[in-house]
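Enquirer: Before we start, here is the structure in question, set down as C-alpha cells.
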Amino acid sequence: MFRLCAIGLVLLAGWMVYLDAVVTSRFEGRRFEVPSRVYARPLELFDGASVSAGALERELSLSGFRKGDGRKSGSYQRTGNRFVISTRGFSFPDGDEPSRRISLMISGDRVQGFSVIEGDNAPIVRLEPAQIGGIYPAHKEDRVLVQLDEVPALLPTTLMAVEDRNFYDHFGIAPLSIGRAMLANIQAGRIVQGGSTLTQQLVKNFFLTREQTLVRKANEALMSVLLELHYEKDDILETYLNEVYLGQAGTRSIHGFGLASQFYFGESLKDLDVHQIALLVGMVKGPSYYNPRRHPERATERRNLVISEMEQAGLIEPGRASRARGLPLGVSERPSYSENRYPAYIDLVRRHLARDYKEEDLRSEGLRIFTTLNPAIQYAAEYAVTYTLPRLGGGQNAEALEATLVVTAKDSGEVLALVGGRDPQFAGFNRALDANRPIGSLIKPFIYLSALQEPERYTLTTPVLDKSFTLEFDDGKRWQPKNYDGEERGEVPLHKALSRSYNLPAVRVGLDIGVDRVQETLTAFGVDTPISRYPSMLLGSVSMSPVTVAQIYQGLATSGFNTPLRTIREVTDAGGEALSRYSLEVEQVADPAAVHLVQYAMQETMQEGTGRSAYYTVPEELSLAGKTGTTDDGRDSWFAGFSGDLLAVAWVGRDDNGPTSLTGASGALPVWSRFMAQVPQHGFSPVVPDGVSYHWVNSEQQALTDEYCDNARLLPYIAGSEPTQTISCSGTLERRIRGWFEGLFQ
Amino acid sequence: MIDRLSLRTALIATLLSVAGCASGPGGGIYVPIGSEPAKAPEPPRTSTDSEESEAPVWRKSEQPEVAPETREPARSSSPSYRETGDGLSPAALSLVREADQLLAQGNISGAIARLERAQRIAPRSAEVYFKLSEAYVAGNKLGSAEQFTLKGLSLAGSDIRLQRAGWLLLADIRRARGNVAGADQAEERAAAL
C-alpha cells in the first residue's frame, strides 16, 4: 500500500514537472500568433482630389466610419454633397496622422472647399486606410493585441465582477466556488454553473481541449496553480483579455477584446462606453449563444444583467447603469471588413511579400502591410467585368468566357485594382497572374517603336507594304502571314498600319529591323521570360500574363520609362517600425521621342482605328491611347491602353483555350471602356519631348502641306526626319478661305 | 563635387517656390456623370457653375440613345499633346515643403515618402521628379537620381526654366558618377536653351 502510494506520488510529481514545462514554455514563448493585416491605400483628401461623393461614402464605410453627426471620431455627416468627417487618427509608417475634423464639398467629382475644422491644420489629410485582408495563422485565430494599461479600467473590473470576484486573492483555483457550482450542478442534474476562475478559463482555452472530463478538470486545476506560481496576476489577466474567444467570422475566429471591439462596434477598445463593455463581458459566457447580431434579445438581456452586476459591485452609479440599460446594443451592421474581399489582389500582394518575408512570419508576427489597392478603382473594375461579360456574344459557349482586368497608376506603377475572373470574389485560379496567353497584336507598338528609334529609316509617314509574302525556313517549312480581314492594301503610312493593326506591314517592318531588336525592346520594357525568336512572334505568338502586359505597357504610357509594378508601399512590424519600403523607381528604356510617335498612333487607334468603338461607352472628351489584340479563332481577346492617369489591361477568353467569336475590339475593349467610363480621371495628353516637332503633312504623299488642306494631318516627327518636300493644297476653296481667316485673327 | 550638387539643387528649391504660386494641375478632368455603377446609384448631382466652365463635362443623360450597331462614333478630334507638364497644386507643394524640412534634418527616407505622396497627386509635374532626384542625391543614390532627373525632363516640355534646371542637375549628377562626356552633353543642352 505504501509502495503504491509512493509510486503514485512519483508519477504525480513527474506529471507535475511535465505540466509545469508545458505551462511555462507556452506562456514564456511567443504567446500569440498575430495575423498580418493588409491595408488599402489611404484616401488622400485635398482641394482638387478626384473622388465622387458615392466613392467617398463607400471609402468611409470600408474604413469603418459610421454615418452620424461627424463629431464623434470615426463618424461622418453628409448633407447633399457636403461632408463633415471626424477622422480617428492613424499611425502610418512615415508618421502619425492625427485625429481631425474636416469639412469638404464634392463637386464635379472633385474635392472643393477642403478645410480642417478641428485639429492640426493641413492642406492635405489621409483617411485611415481600409483593412482589406489578413494573413492568418493555420488555426485562423485573429486578434488585435492590447496591453492591460491601455484598456478602459472598467473592462477588467467588470470581467472580475462577473466571472471571478476573487481573482486577485485566489491561487488559481477557488475551491469554494467549485463546491458551489458542483452543488448547483448536482441539484440541476446537469452542468449549469462553472466555478472556473479566470486563470482556469485561460488554461482551458490555452492548453486544453473543450471536452469536460474529470482528468481534464484535474489537469486544468493543476496547471492553473502552476501558472499562478510562475506569473503575476496582471500578466495572467492581460493574457486572458487577448486570448478569450468572442466570436466567429467565417473560418476566422475572433479572439480577445481588442479585436472584438472592432468586430462588433467598429471602434477601438479604449473608446468603448459602459453598455458596450458590458455586452462584450457578457458574451464571454457564450459568444455564439449571445451573438448580438444574430440574437439581439438574448444579448440585450445578458448585457443588462452584466450592467446590474456592475452596479451592485459599485463600479458604476445607479443612474449611469439605468441609462446604459436603456441604450440599444449599438453593434455595427456587419463586421467592418469581410475576409478576402479582393482575393486576386491579395494573391499578388502575397507573391510580392514572398520575395522578402517568410510565410510563418506573415502568419504570426502581426505585420502591417500597406498596399496600393484603390477600393474605388477596384469597385469600378469589378463592375466593368461583371457587367460586360454576360453581354458579350462570344459564340455558343458564352458562359465559359472569363475575363481579367489589371489597372495601374500610369506614372507610379502602383497596381490599383486587379480582377482575376468573372466572379471577382472567387479565390481560385488567378488569371491576371497565371494565365499566360499569346498577346497577338499587343506586340505591334513594340515593333514600330523599335523601328521609330531609327528616325533616318522610319517615321510615322514612312510607307509600309501591306502585301502578302511567304517566308521559307531552313527546315523547308513555310510561313505565310495574313491580315485579319484577308485584304491587302498596298502601301500605307506607318501610323495607319499601326492604328488599323494590319498584320503584313508589322511583320515586314519587324523583319526589316530584325526580330532581335524587337526582342530587346520587349526585354527592356520588362518581359523577364525568354521570348521566341521565330518570326511568328511578330504577330504576338509570345505568351504573357495580363500583369506582364501591364508592366510592358507602362513604358509606352510614360514616354519610355519602365516603372516596376508595385502592390506594396511599406511593411511595418506590429509596433509600427518600418521593415521594408518599396519605393517608386523609374528607368529610361527607350527614346522618349520615339515613344511619343507610338503614342500618337495609339491615340489614332482610339479615334480612327481598331479601338474606336470605345467611344460608344466613353465620352469623346476623355482622350485615350491603346491597342487591341486578338489571337487565332478569338481564343484571346486583349485590350491594353491608358488615359492621363490610369493604365488598364483587359483580357477575355476561355480557360480551356477554346475558340470564341470575339476580337480584341468586341471582347476585351468593351470591358476596358466600361471601366474607363466609371472613373474620374485626366485624359491622355503627353508632353511633347525634346527634339520632337509637329508638322502639317499629307501622310499618304509624305509631304508637308498646309493646315487647311483636306487631307492634312498634324503629325509629330523627330527633328530632322520630317518630310522635306511640300505639296500644294488640293483642298476646297471654302476651306482655304476659312484657314486664311483663322490665320488672320489668331 | 557634392557642394556643387547641393548648390544646384538649391536652384531647384528657388524654382519651386516660384512654381508654387503658379498653377494647379492643368487640363480638365473627366467626370463620369450618371455612370456610377448600378450597385450604388448616385443621387442627382448639383454641380457648381464655376466647375462647369473650367472642365468640360459629359452628361450621359443628354446623349441620344443610339444602338451601337447603327452608328459609328464620329471622331473629329486628333491625337492630343501638350507643350508643358503640370504645375504643383497647393497640396502637393505642402508635401514638397515637408520633404524639404525632413531633408534638412537628414531624414532622407522620410523625405522620399513625402515626395512619393506628392508624386501620386501630381504625377505629371517635372518639379516633383527633380525633388526626388535631389533626395536621392542626398542619399548618395546617384543612379536613381539620374533617372528621376530624366523623368522630370521628359515632362518639362517647352518650359525653359525647368529645362535648364533639369539639364544642369543632370550634368552634376553625371559628373559625380564619373560620366564626364554625359555631363558635358547635358551642360551643352542647358547652355543652348
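Ligands are numbered from 1 in the order shown, chains are lettered A, B, ... in the order of the C-alpha cells, and residues start at 1 in each chain.
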Taking the chain letters and numbering used in this document, name the residues of range 365-410 of chain A that DSSP puts in strand (DSSP E or B), as a count of residues only.
Expert: 14
Enquirer: I'd like a table as JSON lines: residues in chain A with an atom no more than 8 Å from chain B, each row giving the shortest atom pair and its distance in Å to one decimal, only C-alpha atoms counted, sorted by chain and rising residue number.
Expert:
{"residue": "A:Phe46", "atom": "CA", "partner": "B:Ala91", "partner_atom": "CA", "distance": 6.3}
{"residue": "A:Asp47", "atom": "CA", "partner": "B:Ala91", "partner_atom": "CA", "distance": 7.3}
{"residue": "A:Ala49", "atom": "CA", "partner": "B:Ile121", "partner_atom": "CA", "distance": 7.8}
{"residue": "A:Ala53", "atom": "CA", "partner": "B:Glu42", "partner_atom": "CA", "distance": 7.8}
{"residue": "A:Gly54", "atom": "CA", "partner": "B:Glu42", "partner_atom": "CA", "distance": 6.0}
{"residue": "A:Asp94", "atom": "CA", "partner": "B:Gly110", "partner_atom": "CA", "distance": 6.2}
{"residue": "A:Ser107", "atom": "CA", "partner": "B:Ser47", "partner_atom": "CA", "distance": 5.3}
{"residue": "A:Gly108", "atom": "CA", "partner": "B:Ser47", "partner_atom": "CA", "distance": 5.8}
{"residue": "A:Asp109", "atom": "CA", "partner": "B:Val31", "partner_atom": "CA", "distance": 6.2}
{"residue": "A:Pro123", "atom": "CA", "partner": "B:Ala91", "partner_atom": "CA", "distance": 5.5}
{"residue": "A:Ile124", "atom": "CA", "partner": "B:Ala91", "partner_atom": "CA", "distance": 5.6}
{"residue": "A:Ala380", "atom": "CA", "partner": "B:Pro37", "partner_atom": "CA", "distance": 7.0}
{"residue": "A:Tyr383", "atom": "CA", "partner": "B:Pro37", "partner_atom": "CA", "distance": 6.6}
{"residue": "A:Asp411", "atom": "CA", "partner": "B:Pro123", "partner_atom": "CA", "distance": 6.0}
{"residue": "A:Ser412", "atom": "CA", "partner": "B:Arg120", "partner_atom": "CA", "distance": 7.0}
{"residue": "A:Ser559", "atom": "CA", "partner": "B:Ser154", "partner_atom": "CA", "distance": 7.5}
{"residue": "A:Phe561", "atom": "CA", "partner": "B:Lys151", "partner_atom": "CA", "distance": 7.3}
{"residue": "A:Ser583", "atom": "CA", "partner": "B:Glu116", "partner_atom": "CA", "distance": 8.0}
{"residue": "A:Leu584", "atom": "CA", "partner": "B:Glu116", "partner_atom": "CA", "distance": 7.1}
{"residue": "A:Glu585", "atom": "CA", "partner": "B:Ser144", "partner_atom": "CA", "distance": 7.3}
{"residue": "A:Val586", "atom": "CA", "partner": "B:Gln147", "partner_atom": "CA", "distance": 6.2}
{"residue": "A:Glu587", "atom": "CA", "partner": "B:Gln147", "partner_atom": "CA", "distance": 5.7}
{"residue": "A:Gln588", "atom": "CA", "partner": "B:Gln147", "partner_atom": "CA", "distance": 6.7}
{"residue": "A:Pro592", "atom": "CA", "partner": "B:Ser154", "partner_atom": "CA", "distance": 7.2}
{"residue": "A:Tyr600", "atom": "CA", "partner": "B:Pro79", "partner_atom": "CA", "distance": 6.0}
{"residue": "A:Gln603", "atom": "CA", "partner": "B:Pro79", "partner_atom": "CA", "distance": 5.4}
{"residue": "A:Glu604", "atom": "CA", "partner": "B:Pro79", "partner_atom": "CA", "distance": 6.1}
{"residue": "A:Gln607", "atom": "CA", "partner": "B:Arg75", "partner_atom": "CA", "distance": 5.8}
{"residue": "A:Glu608", "atom": "CA", "partner": "B:Arg75", "partner_atom": "CA", "distance": 7.2}
{"residue": "A:Arg612", "atom": "CA", "partner": "B:Pro73", "partner_atom": "CA", "distance": 7.3}
{"residue": "A:Ser613", "atom": "CA", "partner": "B:Pro73", "partner_atom": "CA", "distance": 7.0}
{"residue": "A:Tyr615", "atom": "CA", "partner": "B:Pro73", "partner_atom": "CA", "distance": 6.3}
{"residue": "A:Tyr616", "atom": "CA", "partner": "B:Pro73", "partner_atom": "CA", "distance": 6.4}
{"residue": "A:Pro619", "atom": "CA", "partner": "B:Trp58", "partner_atom": "CA", "distance": 6.5}
{"residue": "A:Glu620", "atom": "CA", "partner": "B:Arg75", "partner_atom": "CA", "distance": 7.6}
{"residue": "A:Glu621", "atom": "CA", "partner": "B:Tyr30", "partner_atom": "CA", "distance": 7.2}
{"residue": "A:Leu622", "atom": "CA", "partner": "B:Tyr30", "partner_atom": "CA", "distance": 6.1}
{"residue": "A:Ser623", "atom": "CA", "partner": "B:Ser80", "partner_atom": "CA", "distance": 7.1}
{"residue": "A:Ala677", "atom": "CA", "partner": "B:Pro32", "partner_atom": "CA", "distance": 6.0}
{"residue": "A:Gln678", "atom": "CA", "partner": "B:Pro32", "partner_atom": "CA", "distance": 5.6}
{"residue": "A:Val679", "atom": "CA", "partner": "B:Pro32", "partner_atom": "CA", "distance": 6.2}
{"residue": "A:Pro680", "atom": "CA", "partner": "B:Val31", "partner_atom": "CA", "distance": 4.7}
{"residue": "A:Gln681", "atom": "CA", "partner": "B:Tyr30", "partner_atom": "CA", "distance": 5.1}
{"residue": "A:His682", "atom": "CA", "partner": "B:Ile29", "partner_atom": "CA", "distance": 4.6}
{"residue": "A:Gly683", "atom": "CA", "partner": "B:Tyr30", "partner_atom": "CA", "distance": 6.9}
{"residue": "A:Phe684", "atom": "CA", "partner": "B:Ser80", "partner_atom": "CA", "distance": 7.1}
{"residue": "A:Ser685", "atom": "CA", "partner": "B:Tyr81", "partner_atom": "CA", "distance": 4.5}
{"residue": "A:Pro686", "atom": "CA", "partner": "B:Tyr81", "partner_atom": "CA", "distance": 4.9}
{"residue": "A:Val687", "atom": "CA", "partner": "B:Arg82", "partner_atom": "CA", "distance": 4.9}
{"residue": "A:Val688", "atom": "CA", "partner": "B:Glu83", "partner_atom": "CA", "distance": 5.6}
{"residue": "A:Pro689", "atom": "CA", "partner": "B:Ser154", "partner_atom": "CA", "distance": 5.9}
{"residue": "A:Asp690", "atom": "CA", "partner": "B:Gly157", "partner_atom": "CA", "distance": 6.8}
Enquirer: Just the residues within 12 Å of range 353-367 of chain A, please, counting only C-alpha atoms, with nothing from its chain fewer than 6 positions along; format it as a ChimeraX atom specification.
Expert: /A:30-39,93,134-145,346-347,566-582
Enquirer: Between A:Arg101, A:Leu148, A:Gly133, A:Ala161, which one has atoms that come closest to Gly119 in chain A, using only C-alpha atoms?
Expert: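 Using only C-alpha atoms, the shortest distance to Gly119 in chain A belongs to A:Arg101.
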Enquirer: May I ask which of the residues A:Gly314, A:Gly247, A:Gly540, A:Pro723 is the closest one to Leu704 in chain A, counting only C-alpha atoms?
Expert: A:Pro723
Enquirer: Identify, with DSSP run on backbone atoms, the residues in range 106-186 of chain B assigned to alpha helix (DSSP H), and express the list as a VMD selection string.
Expert: chain B and resid 108 to 121 126 to 138 142 to 156 160 to 176 180 to 186
Enquirer: Can you tell me which residues surround range 427-437 of chain A at a distance of at most 6 Å, considering only C-alpha atoms, apart from same-chain residues fewer than 2 positions away, and format the answer as a VMD selection string?
Expert: chain A and resid 343 to 344 404 420 543 to 547
Enquirer: Would you export the selected residues with C-alpha atoms as a PDB file, in the first residue's frame, please?
Expert:
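What ended up in result20.pdb:
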ATOM      1  CA  PRO A 343      -8.721  37.538 -53.495  1.00  0.00           C
ATOM      2  CA  ALA A 344      -6.880  38.167 -56.770  1.00  0.00           C
ATOM      3  CA  THR A 404      -9.339  39.736 -66.225  1.00  0.00           C
ATOM      4  CA  GLY A 420      -8.892  37.676 -61.698  1.00  0.00           C
ATOM      5  CA  SER A 543       2.694  34.457 -74.304  1.00  0.00           C
ATOM      6  CA  MET A 544       2.344  36.745 -71.303  1.00  0.00           C
ATOM      7  CA  SER A 545       0.120  37.176 -68.287  1.00  0.00           C
ATOM      8  CA  PRO A 546      -2.123  40.253 -68.122  1.00  0.00           C
ATOM      9  CA  VAL A 547       0.072  41.643 -65.322  1.00  0.00           C
TER      10      VAL A 547
END
Enquirer: Near Ser75 in chain A, counting only C-alpha atoms, which residues have an atom at most 6 Å away, once you skip same-chain residues fewer than 3 positions from it, shown as a list in words?
Expert: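 Answer for this query is Phe65, Arg66, Lys67, Gly68, Gly70, Lys72 and Ser86 of chain A.
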Enquirer: So what do you get for CA of Gly644 in chain A versus CA of Lys410 in chain A, distance-wise?
Expert: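 So the answer is 7.3 Å.
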Enquirer: Measure the distance from CA of Leu646 in chain A to CA of Ala376 in chain A in Å and round it to one decimal.
Expert: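 So the answer is 13.0 Å.
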Enquirer: Distance CA of Ser125 in chain B-CA of Gly87 in chain B, one decimal place?
Expert: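 Distance between the two atoms: 5.6 Å.
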